[in-house]
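One file, entry_19.txt, carrying compact mmCIF, C-alpha atoms and all ligand atoms:
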# COMPACT_ATOMS: atom_id res chain seq x y z
CA SER A 1 42.58 25.57 227.35
CA ASP A 2 40.00 23.70 229.51
CA VAL A 3 36.87 25.54 228.47
CA GLN A 4 33.57 24.92 230.24
CA LEU A 5 30.41 24.43 228.18
CA ASP A 6 26.96 23.94 229.70
CA VAL A 7 23.77 23.17 227.77
CA ILE A 8 20.30 23.54 229.29
CA THR A 9 17.56 21.64 227.45
CA ILE A 10 14.35 19.66 227.95
CA PHE A 11 15.77 17.03 225.53
CA PRO A 12 19.22 16.01 226.87
CA ASP A 13 19.29 13.03 224.43
CA TYR A 14 19.36 15.50 221.51
CA LEU A 15 22.92 16.39 222.57
CA ALA A 16 24.14 12.75 222.48
CA PRO A 17 26.22 13.37 219.29
CA LEU A 18 28.55 15.51 221.44
CA ASP A 19 29.91 12.20 222.86
CA LEU A 20 31.17 11.28 219.36
CA SER A 21 34.09 12.03 217.06
CA LEU A 22 36.40 15.01 217.65
CA ILE A 23 34.23 16.67 220.34
CA GLY A 24 33.85 13.38 222.24
CA LYS A 25 37.63 12.86 222.09
CA ALA A 26 38.29 16.45 223.27
CA ARG A 27 35.95 15.85 226.24
CA ARG A 28 37.67 12.56 227.16
CA ASP A 29 41.07 14.30 226.81
CA GLY A 30 39.91 17.00 229.27
CA LEU A 31 40.17 19.88 226.76
CA ILE A 32 36.43 20.57 227.01
CA ASP A 33 34.28 20.23 230.15
CA LEU A 34 30.80 19.87 228.60
CA ARG A 35 27.74 19.29 230.79
CA VAL A 36 24.14 18.84 229.66
CA HIS A 37 21.43 19.88 232.15
CA ASP A 38 17.77 18.79 232.00
CA LEU A 39 15.61 21.90 232.53
CA ARG A 40 12.89 19.70 234.10
CA GLU A 41 15.24 18.98 237.01
CA PHE A 42 14.66 22.63 238.02
CA THR A 43 10.85 22.33 238.24
CA HIS A 44 9.03 21.58 241.52
CA ASP A 45 5.58 20.37 240.41
CA ARG A 46 4.47 16.76 239.88
CA HIS A 47 4.25 17.21 236.09
CA ARG A 48 7.64 18.96 235.84
CA THR A 49 5.99 21.77 233.85
CA VAL A 50 8.27 24.02 231.76
CA ASP A 51 5.67 25.88 229.65
CA ASP A 52 2.43 27.86 229.95
CA THR A 53 0.01 29.86 227.77
CA PRO A 54 1.11 33.29 226.46
CA TYR A 55 -0.21 36.48 228.10
CA GLY A 56 -2.08 38.47 225.46
CA GLY A 57 -3.13 35.28 223.67
CA GLY A 58 -1.75 33.78 220.50
CA ALA A 59 -0.56 30.44 219.23
CA GLY A 60 1.52 27.92 221.15
CA MET A 61 3.16 27.91 224.56
CA VAL A 62 5.89 29.97 226.24
CA MET A 63 8.66 28.62 228.47
CA LYS A 64 8.05 29.58 232.14
CA PRO A 65 10.71 31.77 233.75
CA GLN A 66 11.08 29.88 237.08
CA PRO A 67 12.89 26.71 235.88
CA TRP A 68 15.22 28.90 233.78
CA SER A 69 16.23 31.17 236.67
CA GLU A 70 17.03 28.18 238.87
CA ALA A 71 19.01 26.43 236.14
CA LEU A 72 20.97 29.62 235.36
CA ASP A 73 21.66 30.23 239.08
CA HIS A 74 22.81 26.62 239.50
CA ILE A 75 25.40 27.06 236.73
CA ALA A 76 26.48 30.61 237.67
CA VAL A 77 27.22 29.82 241.37
CA GLY A 78 30.92 29.25 241.65
CA ALA A 79 31.59 30.09 238.00
CA GLN A 80 35.27 31.04 237.65
CA SER A 81 34.48 34.01 235.36
CA ARG A 82 31.38 35.79 233.99
CA PRO A 83 29.97 33.25 231.50
CA ILE A 84 28.48 34.03 228.10
CA LEU A 85 24.85 32.89 227.80
CA ILE A 86 24.00 31.91 224.22
CA VAL A 87 20.34 31.58 223.34
CA PRO A 88 19.86 30.09 219.84
CA ALA A 89 16.86 31.66 218.13
CA PRO A 90 15.85 32.59 214.58
CA SER A 91 15.31 36.15 215.91
CA GLY A 92 18.99 36.47 216.95
CA GLN A 93 22.09 38.00 215.38
CA ARG A 94 23.78 35.81 212.78
CA PHE A 95 26.22 33.17 214.07
CA ASP A 96 29.14 33.06 211.58
CA GLN A 97 32.81 32.03 211.52
CA ALA A 98 33.84 35.33 213.17
CA THR A 99 31.36 34.63 216.00
CA ALA A 100 32.74 31.10 216.38
CA ARG A 101 36.31 32.52 216.61
CA GLU A 102 35.27 35.05 219.24
CA LEU A 103 33.43 32.44 221.33
CA ALA A 104 36.32 29.95 221.05
CA ASP A 105 38.38 32.37 223.19
CA ALA A 106 35.83 32.37 226.05
CA ALA A 107 36.42 30.38 229.24
CA HIS A 108 32.77 29.52 229.89
CA LEU A 109 29.80 29.28 227.50
CA VAL A 110 26.26 28.36 228.54
CA PHE A 111 23.68 27.42 225.87
CA ALA A 112 19.97 27.79 226.68
CA CYS A 113 17.76 25.76 224.32
CA GLY A 114 14.31 27.22 223.88
CA ARG A 115 11.33 25.24 222.58
CA TYR A 116 7.75 26.17 221.76
CA GLU A 117 7.23 29.88 220.95
CA GLY A 118 10.24 30.90 223.06
CA ILE A 119 11.33 31.77 226.59
CA ASP A 120 9.57 34.38 228.79
CA GLU A 121 11.36 37.67 227.94
CA ARG A 122 12.11 38.42 231.61
CA VAL A 123 14.61 35.52 231.67
CA TYR A 124 16.94 37.58 229.41
CA GLU A 125 16.84 40.53 231.84
CA TYR A 126 17.33 38.20 234.82
CA ALA A 127 20.32 36.53 233.16
CA ASP A 128 22.01 39.93 232.57
CA ARG A 129 23.01 39.96 236.26
CA ASP A 130 25.39 36.99 235.92
CA TYR A 131 25.87 36.49 232.17
CA ASP A 132 26.82 38.27 228.94
CA VAL A 133 23.69 37.36 226.98
CA ARG A 134 23.86 36.67 223.20
CA ILE A 135 20.85 35.72 221.05
CA LEU A 136 22.28 33.96 217.97
CA SER A 137 20.73 32.54 214.77
CA LEU A 138 22.19 30.04 212.31
CA GLY A 139 20.30 31.53 209.37
CA ASP A 140 16.94 32.58 208.05
CA TYR A 141 14.92 29.42 208.60
CA VAL A 142 13.09 27.99 211.60
CA LEU A 143 14.09 24.94 213.67
CA ASN A 144 11.79 23.39 216.29
CA GLY A 145 14.15 24.26 219.12
CA GLY A 146 17.67 25.35 219.99
CA GLU A 147 19.18 21.85 220.32
CA VAL A 148 20.21 21.29 216.69
CA ALA A 149 21.56 24.86 216.54
CA VAL A 150 23.65 24.14 219.68
CA LEU A 151 25.13 21.04 218.00
CA ALA A 152 26.22 23.20 215.07
CA MET A 153 27.52 26.06 217.22
CA VAL A 154 29.43 23.82 219.66
CA GLU A 155 31.08 21.99 216.74
CA ALA A 156 32.04 25.26 214.99
CA ILE A 157 33.46 26.68 218.25
CA ALA A 158 35.12 23.55 219.71
CA ARG A 159 37.14 22.75 216.59
CA LEU A 160 38.84 26.18 216.94
CA ILE A 161 39.99 25.42 220.52
CA PRO A 162 43.72 24.56 220.51
CA GLY A 163 44.28 20.80 220.64
CA VAL A 164 40.79 19.76 219.52
CA ILE A 165 41.86 19.38 215.88
CA GLY A 166 45.14 17.53 215.33
CA ASN A 167 46.15 19.37 212.17
CA ALA A 168 45.85 23.11 212.99
CA GLU A 169 46.99 23.89 209.41
CA SER A 170 43.69 22.51 208.10
CA LEU A 171 41.94 25.38 209.94
CA VAL A 172 43.51 28.25 207.98
CA GLU A 173 42.79 26.99 204.44
CA GLU A 174 39.07 26.73 205.02
CA SER A 175 35.94 28.29 203.62
CA HIS A 176 34.95 31.44 205.50
CA GLU A 177 38.35 32.01 207.11
CA ASP A 178 39.45 34.54 204.45
CA GLY A 179 36.02 35.11 202.93
CA LEU A 180 36.42 32.89 199.83
CA LEU A 181 34.99 29.39 199.36
CA GLU A 182 37.38 26.42 199.14
CA TYR A 183 38.97 25.17 195.92
CA PRO A 184 37.85 21.77 194.51
CA VAL A 185 39.81 18.72 195.63
CA TYR A 186 40.61 15.38 193.92
CA THR A 187 42.27 12.09 194.84
CA LYS A 188 43.33 8.89 193.02
CA PRO A 189 42.62 7.54 190.48
CA ALA A 190 43.52 10.26 187.94
CA GLN A 191 40.91 8.76 185.57
CA TRP A 192 37.56 7.62 186.97
CA GLN A 193 34.28 6.91 185.15
CA GLY A 194 35.69 8.77 182.13
CA LEU A 195 36.32 11.86 184.30
CA SER A 196 39.83 13.37 184.63
CA VAL A 197 41.61 15.21 187.39
CA PRO A 198 42.62 18.70 186.11
CA GLU A 199 46.04 18.38 184.44
CA VAL A 200 47.61 21.23 186.47
CA LEU A 201 47.27 19.19 189.70
CA LEU A 202 49.45 16.40 188.20
CA SER A 203 52.09 18.89 186.95
CA GLY A 204 54.14 19.18 190.16
CA ASP A 205 54.36 22.95 189.46
CA HIS A 206 53.44 24.38 192.88
CA GLY A 207 53.23 27.96 191.60
CA ARG A 208 50.76 27.01 188.84
CA ILE A 209 48.77 24.87 191.28
CA ALA A 210 48.46 27.73 193.79
CA ALA A 211 47.38 30.16 191.05
CA TRP A 212 44.82 27.66 189.69
CA ARG A 213 43.38 27.00 193.14
CA HIS A 214 43.04 30.73 193.85
CA GLN A 215 41.25 31.25 190.53
CA GLN A 216 38.90 28.33 191.30
CA ARG A 217 38.09 29.88 194.69
CA LEU A 218 37.21 33.21 193.06
CA GLU A 219 35.03 31.59 190.35
CA ARG A 220 33.27 29.34 192.85
CA THR A 221 32.54 32.22 195.21
CA ALA A 222 31.26 34.42 192.34
CA ASP A 223 29.01 31.54 191.19
CA ARG A 224 27.65 30.25 194.51
CA ARG A 225 28.05 33.11 197.00
CA PRO A 226 28.46 36.45 195.20
CA ASP A 227 27.38 38.15 198.47
CA LEU A 228 30.78 37.14 199.97
CA LEU A 229 32.94 38.83 197.31
CA PRO A 230 33.06 42.40 198.70
CA ALA A 231 34.21 41.18 202.15
CA ALA A 232 36.72 38.77 200.55
CA ALA A 233 38.16 41.61 198.44
CA ALA A 234 38.54 43.74 201.59
CA THR A 235 40.38 40.87 203.36
CA GLN A 236 42.70 40.42 200.36
CA SER A 237 43.65 44.12 200.13
CA ALA A 238 44.24 44.21 203.91
CA GLU A 239 46.56 41.18 203.60
CA LEU A 240 48.35 42.81 200.67
CA GLU A 241 48.91 45.98 202.73
CA ILE A 242 50.43 43.92 205.58
CA ARG A 243 52.86 42.32 203.11
CA LEU A 244 53.89 45.70 201.62
CL1 LIG B 1 19.82 29.38 216.39
N1 LIG B 1 17.39 28.39 216.66
C1 LIG B 1 16.22 28.00 216.19
N2 LIG B 1 15.31 27.49 217.04
N3 LIG B 1 15.87 28.08 214.92
C2 LIG B 1 16.80 28.57 214.10
C3 LIG B 1 18.05 28.98 214.52
C4 LIG B 1 18.32 28.88 215.84
N4 LIG B 1 18.75 29.42 213.47
C5 LIG B 1 17.96 29.29 212.44
N5 LIG B 1 16.77 28.77 212.79
So, in terms of structure tokens, how does the structure I just supplied come out?
Amino acid sequence: SDVQLDVITIFPDYLAPLDLSLIGKARRDGLIDLRVHDLREFTHDRHRTVDDTPYGGGAGMVMKPQPWSEALDHIAVGAQSRPILIVPAPSGQRFDQATARELADAAHLVFACGRYEGIDERVYEYADRDYDVRILSLGDYVLNGGEVAVLAMVEAIARLIPGVIGNAESLVEESHEDGLLEYPVYTKPAQWQGLSVPEVLLSGDHGRIAAWRHQQRLERTADRRPDLLPAAAATQSAELEIRL
């Protein structure tokens, strides 16, 4: 695999969790080459300025284009293939499991973390020369900057890269892979605090268990995420057609 991931940020410490757990292990094993770049290293003034006031007025500050162009050039020189530039922003297209799957197949992803009111719009046009640019949003709420969104996106993408997760089987039975939410799970003891594990799970009848779990997934999805049901139904009829 050996995928290259670069993150450009003014808060490199925000990305420290990427040293931990499965992603940290994948980096140490050489499956993922992840580098975090401090945008301020690409400034040239004494105060290492990355922002300025917006033309046309308005609230807040805008990220200056110059440090961004130099950081993007630094990463693009000698890139083995045309990288994808991901800019996390609430104004972007939705990042979902299908997006994660698509991006997990890429050889080189670069994440540009914006802060303040955003990045000077010309940076997107400039980046078009060397990058496939994607503006992506986690959902309809506002974070202070792209860093936390990058943590979520990198985790969603990296765990789909072959070798990063030991048990590849655990990937297929998950929420959002076939459009339905997961079934409820239980472990020992069978009785706890006066609460029982559903009898069917103790029956040893694998056919009944599979049917029960599928029914639970349908009920749970209808209850919590009814918006997912049309797409899930489409996936199920497509799977049925393949089997026929
Ligand atoms: Cl991807 N970035 C930021 N800054 N805020 C967000 C977001 C992304 N997704 C939802 N809110």
From the list A:Val62, A:Ile75, A:Ala149, A:Ala238, the nearest residue to Arg115 of chain A using all atoms listed in the file is A:Val62
Taking all atoms listed in the file into account, report as a ChimeraX atom specification which residues have an atom no farther than 8 Å from an atom of ligand LIG 1 (chain B). /A:87-92,95,113-115,135-150
Mind checking which residues fall within 12 Å of Leu72 of chain A, counting all atoms listed in the file, ignoring those fewer than 6 positions away in the same chain, and posting them as a list in words?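 Here the answer would be Asp6, Val7, Ile8, Thr9, His37, Asp38, Leu39, Phe42, Pro65, Gln66, Gly78, Ala79, Pro83, Ile84, Leu85, Ile86, Leu109, Val110, Phe111, Ala112, Val123, Tyr124, Tyr126, Ala127, Asp128, Arg129, Asp130, Tyr131 and Val133 of chain A.
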Now that the selection is made, can you save its residues with C-alpha atoms as a PDB file, in the frame of the given file?
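File part29.pdb, as written:
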ATOM      1  CA  ASP A   6      26.960  23.940 229.700  1.00  0.00           C
ATOM      2  CA  VAL A   7      23.770  23.170 227.770  1.00  0.00           C
ATOM      3  CA  ILE A   8      20.300  23.540 229.290  1.00  0.00           C
ATOM      4  CA  THR A   9      17.560  21.640 227.450  1.00  0.00           C
ATOM      5  CA  HIS A  37      21.430  19.880 232.150  1.00  0.00           C
ATOM      6  CA  ASP A  38      17.770  18.790 232.000  1.00  0.00           C
ATOM      7  CA  LEU A  39      15.610  21.900 232.530  1.00  0.00           C
ATOM      8  CA  PHE A  42      14.660  22.630 238.020  1.00  0.00           C
ATOM      9  CA  PRO A  65      10.710  31.770 233.750  1.00  0.00           C
ATOM     10  CA  GLN A  66      11.080  29.880 237.080  1.00  0.00           C
ATOM     11  CA  GLY A  78      30.920  29.250 241.650  1.00  0.00           C
ATOM     12  CA  ALA A  79      31.590  30.090 238.000  1.00  0.00           C
ATOM     13  CA  PRO A  83      29.970  33.250 231.500  1.00  0.00           C
ATOM     14  CA  ILE A  84      28.480  34.030 228.100  1.00  0.00           C
ATOM     15  CA  LEU A  85      24.850  32.890 227.800  1.00  0.00           C
ATOM     16  CA  ILE A  86      24.000  31.910 224.220  1.00  0.00           C
ATOM     17  CA  LEU A 109      29.800  29.280 227.500  1.00  0.00           C
ATOM     18  CA  VAL A 110      26.260  28.360 228.540  1.00  0.00           C
ATOM     19  CA  PHE A 111      23.680  27.420 225.870  1.00  0.00           C
ATOM     20  CA  ALA A 112      19.970  27.790 226.680  1.00  0.00           C
ATOM     21  CA  VAL A 123      14.610  35.520 231.670  1.00  0.00           C
ATOM     22  CA  TYR A 124      16.940  37.580 229.410  1.00  0.00           C
ATOM     23  CA  TYR A 126      17.330  38.200 234.820  1.00  0.00           C
ATOM     24  CA  ALA A 127      20.320  36.530 233.160  1.00  0.00           C
ATOM     25  CA  ASP A 128      22.010  39.930 232.570  1.00  0.00           C
ATOM     26  CA  ARG A 129      23.010  39.960 236.260  1.00  0.00           C
ATOM     27  CA  ASP A 130      25.390  36.990 235.920  1.00  0.00           C
ATOM     28  CA  TYR A 131      25.870  36.490 232.170  1.00  0.00           C
ATOM     29  CA  VAL A 133      23.690  37.360 226.980  1.00  0.00           C
TER      30      VAL A 133
END
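Proximity to Pro184 of chain A was assessed for A:Ala158, A:Leu201, A:Ala26, A:Ala76 counting only C-alpha atoms; the smallest distance is recorded for A:Leu201.
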With distances taken over only C-alpha atoms, which of A:Glu41, A:Ala222, A:Ser175, A:Gln80 is nearest to Gln97 of chain A? A:Ser175
Tell me which protein, DNA and RNA residues are within 12 Å of Gly179 of chain A, counting all atoms listed in the file, leaving out same-chain ones fewer than 3 positions away, and put them as a PyMOL selection string. chain A and resi 96-98+172-176+182+217-218+220-222+225-236
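Here the question is which of A:Asp45, A:Glu125, A:Glu70, A:Glu177 gets nearest to Arg101 of chain A using all atoms listed in the file, and that residue is A:Glu177.
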Radius query 12 Å about (-0.8, 30.2, 225.8), atoms used: all atoms listed in the file, as a ChimeraX atom specification: /A:51-64,116-118,120
Coordinates-based distance that separates atom CA of Arg134 of chain A from atom CA of Ser170 of chain A (Å, one decimal):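 One can read the atom CA of Ser170 of chain A to atom CA of Arg134 of chain A distance as 28.7 Å.
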Using all atoms listed in the file, find all polymer residues with an atom at most 12 Å away from the point (46.0, 19.7, 188.9); report them as number ranges by chain. A: 183-188, 190, 196-213, 216
Selection above as a file: C-alpha atoms, as a PDB file, in the frame of the given file:
ATOM      1  CA  TYR A 183      38.970  25.170 195.920  1.00  0.00           C
ATOM      2  CA  PRO A 184      37.850  21.770 194.510  1.00  0.00           C
ATOM      3  CA  VAL A 185      39.810  18.720 195.630  1.00  0.00           C
ATOM      4  CA  TYR A 186      40.610  15.380 193.920  1.00  0.00           C
ATOM      5  CA  THR A 187      42.270  12.090 194.840  1.00  0.00           C
ATOM      6  CA  LYS A 188      43.330   8.890 193.020  1.00  0.00           C
ATOM      7  CA  ALA A 190      43.520  10.260 187.940  1.00  0.00           C
ATOM      8  CA  SER A 196      39.830  13.370 184.630  1.00  0.00           C
ATOM      9  CA  VAL A 197      41.610  15.210 187.390  1.00  0.00           C
ATOM     10  CA  PRO A 198      42.620  18.700 186.110  1.00  0.00           C
ATOM     11  CA  GLU A 199      46.040  18.380 184.440  1.00  0.00           C
ATOM     12  CA  VAL A 200      47.610  21.230 186.470  1.00  0.00           C
ATOM     13  CA  LEU A 201      47.270  19.190 189.700  1.00  0.00           C
ATOM     14  CA  LEU A 202      49.450  16.400 188.200  1.00  0.00           C
ATOM     15  CA  SER A 203      52.090  18.890 186.950  1.00  0.00           C
ATOM     16  CA  GLY A 204      54.140  19.180 190.160  1.00  0.00           C
ATOM     17  CA  ASP A 205      54.360  22.950 189.460  1.00  0.00           C
ATOM     18  CA  HIS A 206      53.440  24.380 192.880  1.00  0.00           C
ATOM     19  CA  GLY A 207      53.230  27.960 191.600  1.00  0.00           C
ATOM     20  CA  ARG A 208      50.760  27.010 188.840  1.00  0.00           C
ATOM     21  CA  ILE A 209      48.770  24.870 191.280  1.00  0.00           C
ATOM     22  CA  ALA A 210      48.460  27.730 193.790  1.00  0.00           C
ATOM     23  CA  ALA A 211      47.380  30.160 191.050  1.00  0.00           C
ATOM     24  CA  TRP A 212      44.820  27.660 189.690  1.00  0.00           C
ATOM     25  CA  ARG A 213      43.380  27.000 193.140  1.00  0.00           C
ATOM     26  CA  GLN A 216      38.900  28.330 191.300  1.00  0.00           C
TER      27      GLN A 216
END
Could you state the separation of atom CA of Arg28 of chain A and atom CA of Trp68 of chain A in Å, given to one decimal place?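 Pair atom CA of Arg28 of chain A / atom CA of Trp68 of chain A returns 28.5 Å.
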Coordinate excerpt as an mmCIF file, in the first residue's frame: segment 137-219 of chain A, C-alpha atoms:
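decode_12.cif written:
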data_model
loop_
_atom_site.group_PDB
_atom_site.id
_atom_site.type_symbol
_atom_site.label_atom_id
_atom_site.label_comp_id
_atom_site.auth_asym_id
_atom_site.auth_seq_id
_atom_site.Cartn_x
_atom_site.Cartn_y
_atom_site.Cartn_z
ATOM 1 C CA SER A 137 -17.509 18.701 5.293
ATOM 2 C CA LEU A 138 -18.187 16.273 8.145
ATOM 3 C CA GLY A 139 -21.725 17.562 8.656
ATOM 4 C CA ASP A 140 -23.885 20.591 9.219
ATOM 5 C CA TYR A 141 -22.174 22.156 12.223
ATOM 6 C CA VAL A 142 -19.168 24.439 12.606
ATOM 7 C CA LEU A 143 -15.748 23.537 14.046
ATOM 8 C CA ASN A 144 -13.090 26.153 14.830
ATOM 9 C CA GLY A 145 -10.725 24.769 12.217
ATOM 10 C CA GLY A 146 -9.976 21.810 9.970
ATOM 11 C CA GLU A 147 -7.761 19.903 12.434
ATOM 12 C CA VAL A 148 -10.450 17.895 14.245
ATOM 13 C CA ALA A 149 -12.113 17.136 10.891
ATOM 14 C CA VAL A 150 -8.755 15.835 9.578
ATOM 15 C CA LEU A 151 -8.463 13.503 12.591
ATOM 16 C CA ALA A 152 -11.867 12.054 11.742
ATOM 17 C CA MET A 153 -11.225 11.827 7.998
ATOM 18 C CA VAL A 154 -7.747 10.275 8.350
ATOM 19 C CA GLU A 155 -9.120 7.657 10.766
ATOM 20 C CA ALA A 156 -12.068 6.815 8.478
ATOM 21 C CA ILE A 157 -9.743 6.531 5.452
ATOM 22 C CA ALA A 158 -6.712 4.823 7.058
ATOM 23 C CA ARG A 159 -8.702 1.961 8.589
ATOM 24 C CA LEU A 160 -9.813 0.987 5.047
ATOM 25 C CA ILE A 161 -6.193 0.685 3.815
ATOM 26 C CA PRO A 162 -5.225 -3.008 3.577
ATOM 27 C CA GLY A 163 -3.189 -4.106 6.606
ATOM 28 C CA VAL A 164 -4.177 -1.231 8.906
ATOM 29 C CA ILE A 165 -6.964 -3.257 10.556
ATOM 30 C CA GLY A 166 -6.034 -6.811 11.525
ATOM 31 C CA ASN A 167 -9.499 -8.298 11.069
ATOM 32 C CA ALA A 168 -10.663 -7.206 7.579
ATOM 33 C CA GLU A 169 -13.949 -9.085 8.188
ATOM 34 C CA SER A 170 -14.898 -6.502 10.814
ATOM 35 C CA LEU A 171 -14.980 -3.904 8.006
ATOM 36 C CA VAL A 172 -17.833 -5.441 5.993
ATOM 37 C CA GLU A 173 -20.370 -5.872 8.817
ATOM 38 C CA GLU A 174 -20.300 -2.216 9.767
ATOM 39 C CA SER A 175 -22.738 0.659 9.864
ATOM 40 C CA HIS A 176 -22.806 2.587 6.594
ATOM 41 C CA GLU A 177 -21.185 -0.150 4.504
ATOM 42 C CA ASP A 178 -24.540 -1.480 3.212
ATOM 43 C CA GLY A 179 -26.647 1.491 4.299
ATOM 44 C CA LEU A 180 -28.168 -0.037 7.460
ATOM 45 C CA LEU A 181 -27.082 0.645 11.052
ATOM 46 C CA GLU A 182 -25.462 -2.161 13.064
ATOM 47 C CA TYR A 183 -27.387 -4.705 15.139
ATOM 48 C CA PRO A 184 -27.113 -4.546 18.973
ATOM 49 C CA VAL A 185 -24.359 -6.615 20.587
ATOM 50 C CA TYR A 186 -24.084 -8.351 23.990
ATOM 51 C CA THR A 187 -21.434 -10.218 25.978
ATOM 52 C CA LYS A 188 -21.280 -12.203 29.252
ATOM 53 C CA PRO A 189 -22.913 -12.395 31.716
ATOM 54 C CA ALA A 190 -26.294 -13.483 30.266
ATOM 55 C CA GLN A 191 -27.992 -11.835 33.275
ATOM 56 C CA TRP A 192 -26.741 -8.465 34.521
ATOM 57 C CA GLN A 193 -28.447 -5.923 36.791
ATOM 58 C CA GLY A 194 -31.745 -7.748 36.154
ATOM 59 C CA LEU A 195 -31.294 -7.293 32.381
ATOM 60 C CA SER A 196 -31.210 -10.310 30.021
ATOM 61 C CA VAL A 197 -29.463 -11.009 26.758
ATOM 62 C CA PRO A 198 -32.117 -11.745 24.058
ATOM 63 C CA GLU A 199 -32.878 -15.486 24.170
ATOM 64 C CA VAL A 200 -32.289 -16.007 20.419
ATOM 65 C CA LEU A 201 -28.566 -15.172 20.837
ATOM 66 C CA LEU A 202 -28.176 -18.080 23.319
ATOM 67 C CA SER A 203 -30.065 -20.524 21.041
ATOM 68 C CA GLY A 204 -27.139 -21.601 18.838
ATOM 69 C CA ASP A 205 -29.542 -21.393 15.847
ATOM 70 C CA HIS A 206 -27.434 -19.411 13.355
ATOM 71 C CA GLY A 207 -30.317 -18.962 10.904
ATOM 72 C CA ARG A 208 -32.596 -17.471 13.581
ATOM 73 C CA ILE A 209 -29.751 -15.286 14.872
ATOM 74 C CA ALA A 210 -29.031 -13.893 11.388
ATOM 75 C CA ALA A 211 -32.739 -13.177 10.796
ATOM 76 C CA TRP A 212 -33.076 -11.493 14.209
ATOM 77 C CA ARG A 213 -30.002 -9.336 13.640
ATOM 78 C CA HIS A 214 -31.259 -8.230 10.212
ATOM 79 C CA GLN A 215 -34.642 -7.294 11.698
ATOM 80 C CA GLN A 216 -32.909 -5.326 14.482
ATOM 81 C CA ARG A 217 -30.870 -3.432 11.874
ATOM 82 C CA LEU A 218 -34.028 -2.486 9.957
ATOM 83 C CA GLU A 219 -35.896 -1.360 13.113
#
